[in-house]
Structures are given as C-alpha cells and as structure tokens.
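Asks: So here's target.cif (mmCIF, C-alpha atoms and all ligand atoms).
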```
data_entry
#
loop_
_atom_site.label_atom_id
_atom_site.label_comp_id
_atom_site.auth_asym_id
_atom_site.auth_seq_id
_atom_site.Cartn_x
_atom_site.Cartn_y
_atom_site.Cartn_z
CA MET A 26 -2.09 -5.42 61.56
CA CYS A 27 -2.85 -7.46 58.50
CA PHE A 28 -6.21 -5.85 58.18
CA LEU A 29 -4.65 -2.43 58.32
CA THR A 30 -2.07 -3.15 55.59
CA SER A 31 -4.68 -4.43 53.19
CA ASP A 32 -6.81 -1.41 53.95
CA ILE A 33 -3.93 0.91 53.03
CA CYS A 34 -3.34 -1.03 49.83
CA GLN A 35 -6.98 -0.80 48.90
CA GLY A 36 -6.85 2.90 49.56
CA ARG A 37 -3.85 3.35 47.26
CA GLN A 38 -5.50 1.34 44.53
CA ASP A 39 -8.61 3.50 44.61
CA GLU A 40 -6.50 6.61 44.54
CA SER A 41 -4.58 5.33 41.52
CA ARG A 42 -7.78 4.40 39.70
CA SER A 43 -9.33 7.72 40.42
CA ILE A 44 -6.30 9.66 39.11
CA SER A 45 -6.23 7.54 35.98
CA GLU A 46 -9.94 7.90 35.33
CA ASN A 47 -9.71 11.59 35.95
CA SER A 48 -6.92 12.01 33.46
CA THR A 49 -8.82 10.00 30.84
CA TRP A 50 -11.85 12.16 31.47
CA GLY A 51 -9.61 15.20 31.19
CA ILE A 52 -8.38 14.10 27.76
CA ARG A 53 -11.95 13.56 26.59
CA ARG A 54 -13.04 16.94 27.91
CA ARG A 55 -10.17 18.70 26.16
CA PHE A 56 -11.04 16.80 23.05
CA GLU A 57 -14.69 17.84 23.17
CA GLN A 58 -13.60 21.41 23.69
CA GLY A 59 -11.36 21.12 20.66
CA LYS A 60 -8.16 21.37 22.69
CA LEU A 61 -6.51 18.20 21.62
CA HIS A 62 -3.15 16.85 22.66
CA ILE A 63 -1.92 13.99 20.59
CA ASN A 64 0.80 11.71 21.77
CA HIS A 65 3.27 11.55 18.91
CA THR A 66 6.59 10.74 20.46
CA LYS A 67 7.32 8.41 17.53
CA PHE A 68 5.38 10.25 14.91
CA LEU A 69 7.29 11.20 11.78
CA GLY A 70 6.36 14.45 10.09
CA TYR A 71 5.25 16.55 13.06
CA ASP A 72 6.68 18.41 16.03
CA LYS A 73 4.80 19.95 18.93
CA ASP A 74 4.89 23.65 19.63
CA LYS A 75 5.13 24.98 23.21
CA ASP A 76 1.35 24.68 23.64
CA GLY A 77 1.37 21.07 22.53
CA ASN A 78 -0.11 21.71 19.07
CA LEU A 79 1.05 19.64 16.14
CA ILE A 80 3.17 21.57 13.68
CA ILE A 81 4.66 20.20 10.48
CA ASN A 82 8.31 19.22 10.51
CA GLU A 83 9.23 20.27 6.95
CA GLN A 84 12.15 17.89 6.58
CA GLN A 85 10.26 14.84 7.84
CA SER A 86 7.08 15.72 5.96
CA LYS A 87 9.02 15.23 2.71
CA ILE A 88 9.58 11.59 3.68
CA VAL A 89 5.87 11.12 4.42
CA LYS A 90 4.96 12.62 1.04
CA ARG A 91 7.51 10.43 -0.70
CA ILE A 92 6.05 7.27 0.89
CA TYR A 93 2.47 8.15 -0.11
CA LYS A 94 3.44 9.04 -3.66
CA GLU A 95 5.57 5.96 -4.23
CA PHE A 96 2.83 3.68 -2.95
CA LEU A 97 0.49 5.15 -5.57
CA ASP A 98 3.27 4.83 -8.16
CA GLY A 99 2.78 1.10 -7.66
CA LYS A 100 5.60 0.32 -5.25
CA GLY A 101 5.09 -2.10 -2.38
CA ALA A 102 5.73 -1.15 1.25
CA ASN A 103 8.74 -3.44 1.33
CA ARG A 104 10.35 -1.84 -1.71
CA ILE A 105 9.69 1.64 -0.29
CA ALA A 106 11.42 0.62 2.95
CA ARG A 107 14.47 -0.84 1.15
CA GLU A 108 14.84 2.25 -1.04
CA LEU A 109 14.60 4.65 1.91
CA GLU A 110 17.42 2.64 3.50
CA SER A 111 19.59 2.64 0.41
CA ASP A 112 19.06 6.40 0.07
CA GLY A 113 20.19 6.81 3.69
CA VAL A 114 16.91 8.46 4.76
CA LEU A 115 16.73 8.66 8.55
CA ASN A 116 13.74 7.43 10.58
CA TRP A 117 12.46 9.06 13.82
CA HIS A 118 15.26 7.44 15.77
CA GLY A 119 17.81 9.04 13.47
CA LYS A 120 18.71 5.72 11.84
CA ALA A 121 18.50 4.70 8.19
CA LYS A 122 16.38 1.67 9.07
CA TRP A 123 12.85 1.15 7.73
CA TYR A 124 10.31 -1.62 8.12
CA GLU A 125 7.49 -2.68 5.84
CA GLY A 126 5.08 -2.70 8.81
CA SER A 127 5.84 0.86 9.86
CA ILE A 128 5.45 2.08 6.26
CA ARG A 129 2.01 0.46 6.19
CA LYS A 130 1.07 2.11 9.47
CA MET A 131 2.11 5.48 8.10
CA LEU A 132 0.02 4.90 4.98
CA THR A 133 -3.13 4.34 7.04
CA ASN A 134 -2.56 7.01 9.71
CA GLU A 135 -5.34 9.60 9.54
CA LYS A 136 -3.13 12.18 11.27
CA TYR A 137 -1.28 12.78 7.99
CA LYS A 138 -4.47 14.17 6.43
CA GLY A 139 -4.94 16.49 9.41
CA ASP A 140 -7.54 14.42 11.25
CA ALA A 141 -7.27 12.74 14.62
CA LEU A 142 -8.87 9.72 16.18
CA LEU A 143 -8.68 9.93 19.96
CA GLN A 144 -8.76 6.83 22.13
CA LYS A 145 -7.30 4.43 19.57
CA THR A 146 -6.01 2.70 22.66
CA TYR A 147 -7.31 2.85 26.21
CA THR A 148 -6.03 2.11 29.72
CA VAL A 149 -6.85 -1.45 30.71
CA ASP A 150 -4.84 -1.62 33.93
CA PHE A 151 -4.95 1.50 36.00
CA LEU A 152 -2.03 0.45 38.20
CA ASN A 153 0.63 -0.25 35.61
CA LYS A 154 -0.95 2.04 32.99
CA LYS A 155 -1.13 -0.81 30.48
CA ARG A 156 -2.99 0.22 27.30
CA SER A 157 -4.79 -1.93 24.77
CA ASP A 158 -6.45 -1.43 21.37
CA ASN A 159 -9.84 0.14 21.77
CA ASN A 160 -12.36 -2.00 19.91
CA GLY A 161 -15.38 -0.21 21.20
CA GLN A 162 -14.71 -0.59 24.93
CA VAL A 163 -14.56 3.19 25.37
CA PRO A 164 -15.87 5.91 23.05
CA GLN A 165 -13.68 7.15 20.20
CA TYR A 166 -13.67 10.68 18.93
CA TYR A 167 -12.88 11.60 15.37
CA VAL A 168 -11.94 15.18 14.66
CA GLU A 169 -11.48 16.46 11.12
CA ASP A 170 -8.87 19.13 10.43
CA SER A 171 -7.56 19.10 13.98
CA HIS A 172 -4.05 20.10 12.79
CA PRO A 173 -2.24 20.95 9.51
CA ALA A 174 -2.27 18.12 6.96
CA ILE A 175 0.82 16.74 5.21
CA ILE A 176 -1.17 14.64 2.72
CA ASP A 177 -4.27 16.08 1.09
CA LYS A 178 -7.51 14.17 1.69
CA GLU A 179 -7.79 13.15 -1.97
CA MET A 180 -4.43 11.40 -1.97
CA TRP A 181 -4.95 9.86 1.47
CA GLU A 182 -8.24 8.36 0.31
CA ALA A 183 -6.63 7.08 -2.89
CA VAL A 184 -3.97 5.29 -0.83
CA GLN A 185 -6.61 3.54 1.30
CA LEU A 186 -8.45 2.41 -1.84
CA GLU A 187 -5.21 1.22 -3.45
CA MET A 188 -4.38 -0.80 -0.35
CA GLU A 189 -7.84 -2.37 -0.49
CA ARG A 190 -7.42 -3.07 -4.20
CA ARG A 191 -4.13 -4.92 -3.62
CA ARG A 192 -5.64 -6.90 -0.75
CA ASN A 193 -8.67 -7.90 -2.84
CA PHE A 194 -6.43 -8.85 -5.77
CA ALA A 195 -4.39 -11.18 -3.55
CA LEU A 196 -7.58 -12.74 -2.17
CA GLU A 197 -9.16 -13.16 -5.59
CA TYR A 198 -6.16 -14.99 -7.03
CA ASP A 199 -5.23 -16.78 -3.83
CA ILE A 200 -1.82 -15.14 -3.59
CA GLN A 201 -0.10 -15.42 -0.22
CA LYS A 202 1.74 -12.12 -0.31
CA PHE A 203 0.00 -8.78 -0.47
CA GLU A 204 2.68 -7.32 -2.75
CA TYR A 205 4.52 -10.07 -4.49
CA ALA A 206 6.20 -8.56 -7.53
CA THR A 207 9.68 -7.04 -7.25
CA THR A 208 11.87 -5.09 -9.65
CA CYS A 209 13.77 -8.31 -10.42
CA ASN A 210 10.61 -10.35 -10.74
CA PRO A 211 7.95 -7.87 -11.86
CA PHE A 212 5.43 -10.46 -13.07
CA ALA A 213 5.22 -12.46 -9.84
CA GLY A 214 1.60 -12.78 -8.76
CA ARG A 215 0.33 -10.83 -11.77
CA VAL A 216 0.13 -13.31 -14.63
CA ILE A 217 -3.34 -14.86 -14.81
CA CYS A 218 -4.43 -17.97 -16.69
CA GLY A 219 -7.10 -17.14 -19.26
CA SER A 220 -8.32 -20.76 -19.20
CA CYS A 221 -8.88 -21.44 -15.50
CA GLY A 222 -8.29 -18.10 -13.77
CA GLN A 223 -5.42 -19.29 -11.57
CA ILE A 224 -2.09 -17.55 -11.28
CA PHE A 225 0.92 -18.43 -13.43
CA GLY A 226 4.11 -19.40 -11.58
CA ARG A 227 7.68 -18.74 -12.70
CA LYS A 228 9.84 -21.75 -13.52
CA VAL A 229 13.47 -21.96 -14.49
CA TRP A 230 14.34 -24.64 -17.01
CA ASN A 231 17.96 -25.38 -16.31
CA SER A 232 20.42 -26.84 -18.69
CA THR A 233 24.12 -27.61 -18.56
CA ASP A 234 24.29 -25.42 -21.63
CA GLU A 235 23.80 -21.86 -20.35
CA ARG A 236 22.28 -20.80 -23.67
CA LEU A 237 19.46 -23.30 -23.25
CA ARG A 238 18.50 -22.07 -19.79
CA ARG A 239 14.99 -20.66 -19.98
CA ILE A 240 12.56 -18.89 -17.69
CA ILE A 241 8.93 -19.71 -18.38
CA TRP A 242 5.60 -19.03 -16.71
CA ARG A 243 2.92 -21.68 -16.44
CA CYS A 244 -0.45 -22.09 -14.81
CA ASN A 245 -0.33 -23.27 -11.20
CA GLY A 246 -3.31 -25.48 -12.05
CA LYS A 247 -1.38 -27.43 -14.70
CA TYR A 248 -0.29 -30.27 -12.41
CA PRO A 249 -2.89 -30.60 -9.65
CA ALA A 250 -3.17 -33.40 -7.08
CA LYS A 251 -3.53 -36.92 -8.46
CA GLY A 252 -6.93 -37.76 -9.88
CA LYS A 253 -7.76 -34.21 -10.85
CA LYS A 254 -7.62 -32.85 -14.37
CA GLY A 255 -4.90 -30.31 -14.92
CA CYS A 256 -5.34 -26.98 -16.69
CA GLU A 257 -4.51 -27.38 -20.37
CA SER A 258 -3.06 -23.92 -20.89
CA ARG A 259 0.39 -23.62 -22.41
CA HIS A 260 3.40 -22.07 -20.74
CA ILE A 261 4.81 -18.75 -21.92
CA ASP A 262 8.35 -17.45 -22.23
CA ASP A 263 9.48 -14.78 -19.75
CA GLY A 264 10.78 -12.61 -22.56
CA LEU A 265 7.34 -12.42 -24.18
CA LEU A 266 5.91 -10.79 -21.06
CA TYR A 267 8.57 -8.08 -21.14
CA GLN A 268 7.96 -7.59 -24.85
CA ALA A 269 4.19 -7.41 -24.34
CA PHE A 270 4.57 -4.47 -21.97
CA ILE A 271 6.92 -2.67 -24.39
CA ASN A 272 4.42 -3.18 -27.23
CA VAL A 273 1.46 -2.01 -25.18
CA LEU A 274 3.25 1.09 -23.92
CA ASN A 275 4.25 2.00 -27.47
CA LEU A 276 0.68 1.48 -28.63
CA ILE A 277 -0.54 3.87 -25.94
CA VAL A 278 2.09 6.45 -26.92
CA GLU A 279 1.10 6.13 -30.60
CA ASN A 280 -2.53 6.73 -29.65
CA LYS A 281 -1.79 9.41 -27.10
CA ASP A 282 -4.77 11.63 -27.95
CA TYR A 283 -7.25 8.77 -27.66
CA PHE A 284 -5.96 7.67 -24.26
CA ILE A 285 -5.65 11.16 -22.80
CA LYS A 286 -9.26 11.84 -23.79
CA LYS A 287 -10.36 8.56 -22.24
CA TRP A 288 -8.52 9.27 -18.96
CA MET A 289 -9.77 12.86 -18.84
CA GLU A 290 -13.26 11.44 -18.37
CA SER A 291 -12.12 9.50 -15.29
CA LEU A 292 -10.92 12.73 -13.66
CA HIS A 293 -14.54 13.18 -12.57
CA SER A 294 -15.00 9.65 -11.27
CA GLU A 295 -16.68 9.23 -7.90
CA ASN A 296 -13.79 7.05 -6.76
CA ALA A 297 -10.71 8.87 -5.42
CA LEU A 298 -8.33 6.15 -6.64
CA ASN A 299 -9.75 6.30 -10.19
CA ARG A 300 -9.36 10.08 -10.16
CA TYR A 301 -5.78 9.83 -8.90
CA LYS A 302 -4.81 7.15 -11.44
CA ALA A 303 -6.40 9.11 -14.30
CA LYS A 304 -4.41 12.20 -13.37
CA GLN A 305 -1.25 10.14 -13.01
CA PHE A 306 -1.78 8.27 -16.31
CA ILE A 307 -2.29 11.55 -18.16
CA ALA A 308 0.90 13.00 -16.62
CA ILE A 309 2.86 9.85 -17.54
CA LEU A 310 1.55 9.83 -21.09
CA ARG A 311 2.32 13.51 -21.66
CA GLU A 312 5.98 12.73 -20.90
CA ALA A 313 6.17 9.24 -22.40
CA ARG A 314 8.15 8.34 -25.51
CA GLU A 315 8.28 5.03 -27.32
CA ILE A 316 10.53 2.52 -25.57
CA ASP A 317 12.64 -0.38 -26.76
CA LYS A 318 13.59 -1.60 -23.29
CA PHE A 319 11.36 -2.69 -20.41
CA ASP A 320 10.75 0.17 -17.96
CA VAL A 321 9.98 -1.26 -14.52
CA ASP A 322 8.64 2.00 -13.01
CA LEU A 323 6.23 2.60 -15.88
CA TYR A 324 5.15 -1.01 -15.63
CA PHE A 325 4.36 -0.78 -11.90
CA ALA A 326 2.53 2.52 -12.32
CA LEU A 327 0.35 1.25 -15.18
CA VAL A 328 -0.21 -2.51 -15.07
CA GLU A 329 -2.50 -4.47 -12.79
CA LYS A 330 -2.34 -7.91 -14.41
CA ILE A 331 -1.45 -9.87 -17.52
CA THR A 332 -3.86 -12.52 -18.73
CA ILE A 333 -2.59 -15.29 -20.98
CA ASN A 334 -5.17 -16.85 -23.28
CA ASN A 335 -4.69 -20.33 -24.63
CA ASP A 336 -4.45 -19.07 -28.21
CA GLY A 337 -1.32 -17.20 -27.15
CA LEU A 338 -2.99 -13.83 -26.86
CA ILE A 339 -1.58 -11.65 -24.07
CA ILE A 340 -4.02 -9.19 -22.49
CA LEU A 341 -2.61 -6.41 -20.37
CA GLY A 342 -4.98 -5.07 -17.71
CA LEU A 343 -4.11 -1.53 -16.71
CA LEU A 344 -4.80 -0.18 -13.24
CA ASP A 345 -7.64 2.02 -14.52
CA GLY A 346 -9.47 -1.03 -15.89
CA THR A 347 -8.37 -0.59 -19.54
CA THR A 348 -7.45 -3.89 -21.21
CA ILE A 349 -5.17 -4.04 -24.22
CA GLU A 350 -4.63 -7.17 -26.30
CA CYS A 351 -1.24 -7.89 -27.65
CA GLU A 352 -0.11 -10.61 -29.99
CA PRO A 353 3.29 -11.97 -29.00
CA ASN A 354 6.35 -12.03 -31.26
CA LYS A 355 5.57 -8.65 -32.72
ZN ZN B 401 -4.96 -22.47 -15.88
#
```
Go through the file and emit its structure as structure tokens.
Ligand SMILES: [Zn+2]

Replies:
Amino acid sequence: MCFLTSDICQGRQDESRSISENSTWGIRRRFEQGKLHINHTKFLGYDKDKDGNLIINEQQSKIVKRIYKEFLDGKGANRIARELESDGVLNWHGKAKWYEGSIRKMLTNEKYKGDALLQKTYTVDFLNKKRSDNNGQVPQYYVEDSHPAIIDKEMWEAVQLEMERRRNFALEYDIQKFEYATTCNPFAGRVICGSCGQIFGRKVWNSTDERLRRIIWRCNGKYPAKGKKGCESRHIDDGLLYQAFINVLNLIVENKDYFIKKWMESLHSENALNRYKAKQFIAILREAREIDKFDVDLYFALVEKITINNDGLIILGLLDGTTIECEPNK
C-alpha cells in the first residue's frame, strides 16, 4: 500500500517535471525561431495583440519617455517618482503611486529599446513553478529589435552611462546615496574640497536672532577622529554657491558662440552620453537668457560638481567635463 502511494507520487512528480521542461524548451524553440512571447503583465508602455506580439500603448509610452528624458535632465529616480505622483500620473495598477526602485528598473529595461532578453529568470522548482534570477544556470537569449521600441537606442545607452556615472561619482567621493541632491538642497553630495578631495557637508549655524542664522558648507575632513590632522580648508556660505551657478550660467550665455562651437564637436563623440549631453547643452544654450535667480532645473541639467579651493575660488564642473572658475562675491 505504502509502496504504491509513493510510486504514484513519483509518477506525478516526473510528469510535472516533464511538462515544465517541455514548456521551457518550447519557449526556447519559439525564441530561436523568432516567435517570441514576452511576459509583460506588469509592463508599462506595451500591450499584446491577439497573437501575443508586443504593441506600443501610446498613452503609457509617454510616461516611459518622460522618465527617460527627466533622468537625463539630471533628475534622480526618487524625484521622478514624487513628481509623477504629484502630477497624478497612473501606474500599471491604475494608481498614482510610484517607487524609486521601479523607476530604476524601467530605466534599465532593454525592452524599451525594442530588444528582449529571454530567460532573465528560470524555473527552479518544477512543482510549485518557483522562478529565480538566471545567473548563468540556463542559457539566455538576446534578440535585437524583437518588437517596436519606445526609447531609441542612443537615448537608452545614454541613460545606462549616466547611471554608471552617478554610481561612480558616489563611490569616488564616498557618498552613501546614489542621488543625494534635491531641489531644496541642490548642493548635497556635490561640493568637493579642493584641498583634500572629500565632500563638503551642509551645516546650519543657529542663532536666537533669526537674522544671524546661517547655512554654511564645510569639508567633512575638517574634524576627523582624535589624533588625526584635520583638513585646513575654510567653510563657504550657502549663498555663494547659488551665486556661483548664476555667474557661471551668465558667463556661458555671454559666450554662447564659443560654447556652442565647443559642444558641437562633442556631437561626434564615441560615447553616447557625451553625444546626448552635447545635444542637450546646445539646445539649452540656444534658449537660455541671463538669469538673476538660481534655476534648479538648469543647474541639475548642467552641473556635475562644485570644487572649493582654499583661496576661495569656486570651480564649477559641468557634466560634459568643462570646468569654469568663478570668483565669489561678484
Ligand atoms: Zn578637505
């Protein structure tokens, strides 16, 4: 009796495994034949037609394009998510709720450039159909132009390079957060000490007299652990950083022809991000006028970092690698 039961069980297990393996094989076969079915139940931007082919959902594709563009405009994934929410943009569940993590996933998804990677996950447990990330356990297939693209390959590539640039920047300056600056605190994680290379931190000097309350930035290496010598750089007033950007932008506008010519050369760069930024910088500059107030969107689109030298010189590093020196109080 017992023997028989276990025999039946074994039989069912084999049957289940064989169906599962068959269906996996079936997917691979279809893939090799170019007949690809992609699971995209939670996949913003596309619908499936009656044959299971991916077709662009015009309404949703606008959201995808917006996310890609804003990322390259210098916004962080978190800010993009908050702004989609405040604009009441609906996600794939029909709710105006967006997460930083899902924005990041969208920004790295090759399906938006029309390609498809099959077998990103694979079946680990044939009985309960549990799937796991495929890190080389089963073959992966990459198909270019398997369906219509929402994002052109140039822009998609630029986004990947920009993501890498932000990651490397955070690593280089030992910054915990990938995207630290916000519209209210645009200099966070971007002010670099010219003396020791560490990041400047924001400090509020409080006073009972409101007029004496000050926000300053100073090197994080100024007061190290006991026994170590602190960085001797001086602190800098918050207002000077805002003014430095205004001055630099106005200098660029005044020398429009020079900068447009310079950026035209980068249009032929081998690097997709450099090409994208050059095109974007030229477009910005063609529209730009002199400013007397800080413009946070221009700042995020243009500036990578601000280095403070000990002689008080402020050096703005633009995202294309251009550096512009700026004396404060002018
Ligand atoms: Zn320092």

Asks: Have a look at A:Val168, A:Ala303, A:Leu276, A:Cys244 and name the one nearest to Met289 of chain A; count all atoms listed in the file.

Replies: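 Between A:Val168, A:Ala303, A:Leu276, A:Cys244, the residue approaching Met289 of chain A most closely is A:Ala303.
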
Asks: Just give me the residues with any atom within 10 Å of (-8.1, 9.0, -17.8), file coordinates, counting only C-alpha atoms, written as a PyMOL selection string.

Replies: chain A and resi 283-294+299-308+345+347

Asks: When you look at Ala102 of chain A with a cut-off of 8 Å (counting all atoms listed in the file), what residues show up, excluding the ones that are within fewer than 5 positions of it in the same chain? I need them as a PyMOL selection string.

Replies: chain A and resi 96+125-126+128-129+204

Asks: Residues near segment 264-267 of chain A, anyone? I mean within 12 Å using all atoms listed in the file, not counting same-chain ones fewer than 6 positions away, as a PyMOL selection string.

Replies: chain A and resi 209-213+215-217+225+227+239-242+273-274+316-321+324+328+330-333+337-341+351-355

Asks: Which is closer to ligand ZN 401 (chain B) than all the others in A:Leu237, A:Cys256, A:Ala141, A:Ala183, using all atoms listed in the file?

Replies: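 For ligand ZN 401 (chain B), the nearest of the given residues is A:Cys256.
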
Asks: Return as a ChimeraX atom specification the residues of protein, DNA or RNA that approach ligand ZN 401 (chain B) to within 10 Å, with only C-alpha atoms and all ligand atoms taken into account.

Replies: /A:217-225,243-248,255-260,333-335

Asks: Select, from A:Asn275, A:Phe325, A:Trp230, A:Tyr137, the residue with the minimum atom-to-atom distance to His172 of chain A, counting all atoms listed in the file.

Replies: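 Closest candidate: A:Tyr137.
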
Asks: So the first atom is atom CA of Trp123 of chain A and the second is atom CA of Ala106 of chain A; what is the distance between them in Å, to one decimal place?

Replies: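 Distance reported for this atom pair: 5.0 Å.
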
Asks: Using all atoms listed in the file, which protein or nucleic acid residues come within 7 Å of Gly214 of chain A? Drop anything in the same chain fewer than 3 positions from it, and give the result as number ranges by chain.

Replies: A: 200, 205-206, 224

Asks: I need the residue nearest Tyr93 of chain A from this list: A:Trp181, A:Phe270, A:Phe203, A:Tyr198. Use all atoms listed in the file for the distance.

Replies: A:Trp181
